[in-house]
Amino acid sequence: MLLYHFGSRPYLVRAIVERVEADQRTAFLDLAASARTAREVVRSLWANVSAPAMLPFVRLFFEAIGTTAVDVSDAVTKPWIDESALVTSQLGVKFDPIEIRLGVAIARGLLIDVLTNGDAAAATKSLELFLDQWSWC
């Protein structure tokens, strides 16, 4: 039945990735609505995605990205850039899509680090260093 609705396993995987990403972006917008600074938004989102309870979903996300034969690039990064335009506007900071893409890549790289060594505290320190250097935080 799933193959009937999605056409193939790769398209089913893409739908799962899109859904998980959409849920995370909704959490991002909710966090942004109550935050005073961009740094506060990023820290809150990081605490959410790097929490031990989320790691099985993070692992599934990376596995899905790595094993699907369907291009998911427009489902995993572009929407973050689009949503960040709204958030930066709300917070009164300059929107730079290149910087947002870098931030998404840094966060994903640090999540891989957390998955491989389990040290979320060290990854969080690295994120803080990045935030210190990021112009809009």
# chains A, B, ... in the order shown; residues from 1 in each chain; ligands from 1
call {"tool": "residues_around", "arguments": {"residues": "segment 29-44 of chain A", "least_positions_apart": "6", "cutoff": "9 Å", "atoms": "only C-alpha atoms", "output": "NGL selection string"}}
result
:A and (83-84 or 86-88 or 90-93 or 124 or 127-128 or 131 or 136-137)
call {"tool": "write_last_selection", "arguments": {"atoms": "C-alpha atoms", "output": "tab-separated table (two decimals), in the first residue's frame"}}
result
chain	number	residue	atom	x	y	z
A	83	GLU	CA	11.97	29.98	7.16
A	84	SER	CA	15.07	31.79	8.42
A	86	LEU	CA	11.01	35.15	8.35
A	87	VAL	CA	12.80	34.61	11.66
A	88	THR	CA	15.60	37.08	10.95
A	90	GLN	CA	11.09	39.07	13.23
A	91	LEU	CA	14.33	39.46	15.21
A	92	GLY	CA	15.46	42.52	13.26
A	93	VAL	CA	18.68	41.02	11.96
A	124	THR	CA	27.59	22.39	22.01
A	127	LEU	CA	28.36	25.49	18.28
A	128	GLU	CA	28.90	28.32	20.78
A	131	LEU	CA	27.80	31.51	17.14
A	136	TRP	CA	23.75	37.67	12.94
A	137	CYS	CA	24.11	36.05	16.36
call {"tool": "select_by_dssp", "arguments": {"residues": "chain A", "states": "helix (DSSP H, G or I)", "output": "PyMOL selection string"}}
result
chain A and resi 2-6+9-34+38-49+52-67+73-76+78-91+97-117+120-133
call {"tool": "write_last_selection", "arguments": {"atoms": "C-alpha atoms", "output": "compact mmCIF listing (two decimals), in the first residue's frame"}}
result
# COMPACT_ATOMS: atom_id res chain seq x y z
CA LEU A 2 2.85 2.40 0.81
CA LEU A 3 4.46 1.79 -2.56
CA TYR A 4 1.12 2.47 -4.21
CA HIS A 5 0.92 5.87 -2.51
CA PHE A 6 4.57 6.87 -2.88
CA ARG A 9 10.90 3.16 -1.54
CA PRO A 10 13.09 6.21 -2.33
CA TYR A 11 10.00 8.41 -2.65
CA LEU A 12 8.66 7.02 0.63
CA VAL A 13 11.98 7.88 2.29
CA ARG A 14 11.82 11.36 0.78
CA ALA A 15 8.33 11.85 2.24
CA ILE A 16 9.58 10.80 5.68
CA VAL A 17 12.54 13.18 5.46
CA GLU A 18 10.28 16.02 4.36
CA ARG A 19 7.91 15.37 7.27
CA VAL A 20 10.64 15.24 9.92
CA GLU A 21 12.21 18.40 8.53
CA ALA A 22 8.83 20.16 8.48
CA ASP A 23 8.27 19.24 12.13
CA GLN A 24 11.71 20.60 13.07
CA ARG A 25 11.06 23.84 11.18
CA THR A 26 7.74 24.23 12.99
CA ALA A 27 9.60 23.87 16.29
CA PHE A 28 12.12 26.44 14.99
CA LEU A 29 9.34 28.95 14.26
CA ASP A 30 7.74 28.30 17.65
CA LEU A 31 11.07 28.90 19.38
CA ALA A 32 11.65 32.04 17.36
CA ALA A 33 8.26 33.45 18.30
CA SER A 34 9.25 33.63 21.96
CA ALA A 38 18.90 34.88 17.08
CA ARG A 39 21.43 33.21 19.40
CA GLU A 40 18.60 32.21 21.71
CA VAL A 41 16.74 30.62 18.79
CA VAL A 42 19.77 28.66 17.61
CA ARG A 43 20.62 27.49 21.14
CA SER A 44 17.05 26.33 21.76
CA LEU A 45 16.84 24.53 18.44
CA TRP A 46 20.22 22.87 19.08
CA ALA A 47 19.11 21.72 22.55
CA ASN A 48 16.04 20.21 20.93
CA VAL A 49 17.76 18.34 18.09
CA PRO A 52 19.25 12.14 23.70
CA ALA A 53 15.59 11.42 22.92
CA MET A 54 16.00 12.92 19.43
CA LEU A 55 19.16 11.05 18.44
CA PRO A 56 17.35 8.00 17.00
CA PHE A 57 15.44 10.37 14.71
CA VAL A 58 18.63 12.24 13.81
CA ARG A 59 20.29 8.92 12.94
CA LEU A 60 17.28 7.97 10.80
CA PHE A 61 17.43 11.35 9.06
CA PHE A 62 21.08 10.89 8.04
CA GLU A 63 20.49 7.28 7.06
CA ALA A 64 17.56 8.30 4.90
CA ILE A 65 19.57 11.07 3.28
CA GLY A 66 22.44 8.70 2.57
CA THR A 67 20.43 5.81 1.22
CA SER A 73 18.22 18.63 -1.50
CA ASP A 74 15.23 20.93 -1.96
CA ALA A 75 13.53 19.29 1.03
CA VAL A 76 16.37 19.52 3.56
CA LYS A 78 16.12 25.32 1.10
CA PRO A 79 13.12 25.35 3.47
CA TRP A 80 15.44 26.21 6.39
CA ILE A 81 16.75 29.16 4.43
CA ASP A 82 13.21 30.25 3.56
CA GLU A 83 11.97 29.98 7.16
CA SER A 84 15.07 31.79 8.42
CA ALA A 85 14.17 34.79 6.29
CA LEU A 86 11.01 35.15 8.35
CA VAL A 87 12.80 34.61 11.66
CA THR A 88 15.60 37.08 10.95
CA SER A 89 12.98 39.64 9.97
CA GLN A 90 11.09 39.07 13.23
CA LEU A 91 14.33 39.46 15.21
CA PRO A 97 21.01 32.98 2.81
CA ILE A 98 24.68 31.97 2.49
CA GLU A 99 25.19 32.39 6.24
CA ILE A 100 22.01 30.45 6.96
CA ARG A 101 23.17 27.60 4.69
CA LEU A 102 26.48 27.59 6.59
CA GLY A 103 24.64 27.46 9.90
CA VAL A 104 22.51 24.53 8.75
CA ALA A 105 25.64 22.70 7.56
CA ILE A 106 27.49 23.38 10.82
CA ALA A 107 24.56 22.12 12.90
CA ARG A 108 24.25 18.97 10.80
CA GLY A 109 27.98 18.32 11.01
CA LEU A 110 27.87 18.71 14.78
CA LEU A 111 24.91 16.33 14.93
CA ILE A 112 26.99 13.73 13.09
CA ASP A 113 29.70 14.31 15.70
CA VAL A 114 27.18 13.73 18.51
CA LEU A 115 25.97 10.54 16.82
CA THR A 116 29.47 9.15 16.38
CA ASN A 117 30.97 9.96 19.78
CA ALA A 120 26.82 16.55 22.98
CA ALA A 121 28.59 18.86 25.43
CA ALA A 122 31.67 19.16 23.21
CA ALA A 123 29.51 19.70 20.13
CA THR A 124 27.59 22.39 22.01
CA LYS A 125 30.85 24.17 22.86
CA SER A 126 31.75 24.07 19.16
CA LEU A 127 28.36 25.49 18.28
CA GLU A 128 28.90 28.32 20.78
CA LEU A 129 32.25 29.12 19.16
CA PHE A 130 30.54 29.25 15.78
CA LEU A 131 27.80 31.51 17.14
CA ASP A 132 30.46 33.88 18.48
CA GLN A 133 31.77 34.24 14.92
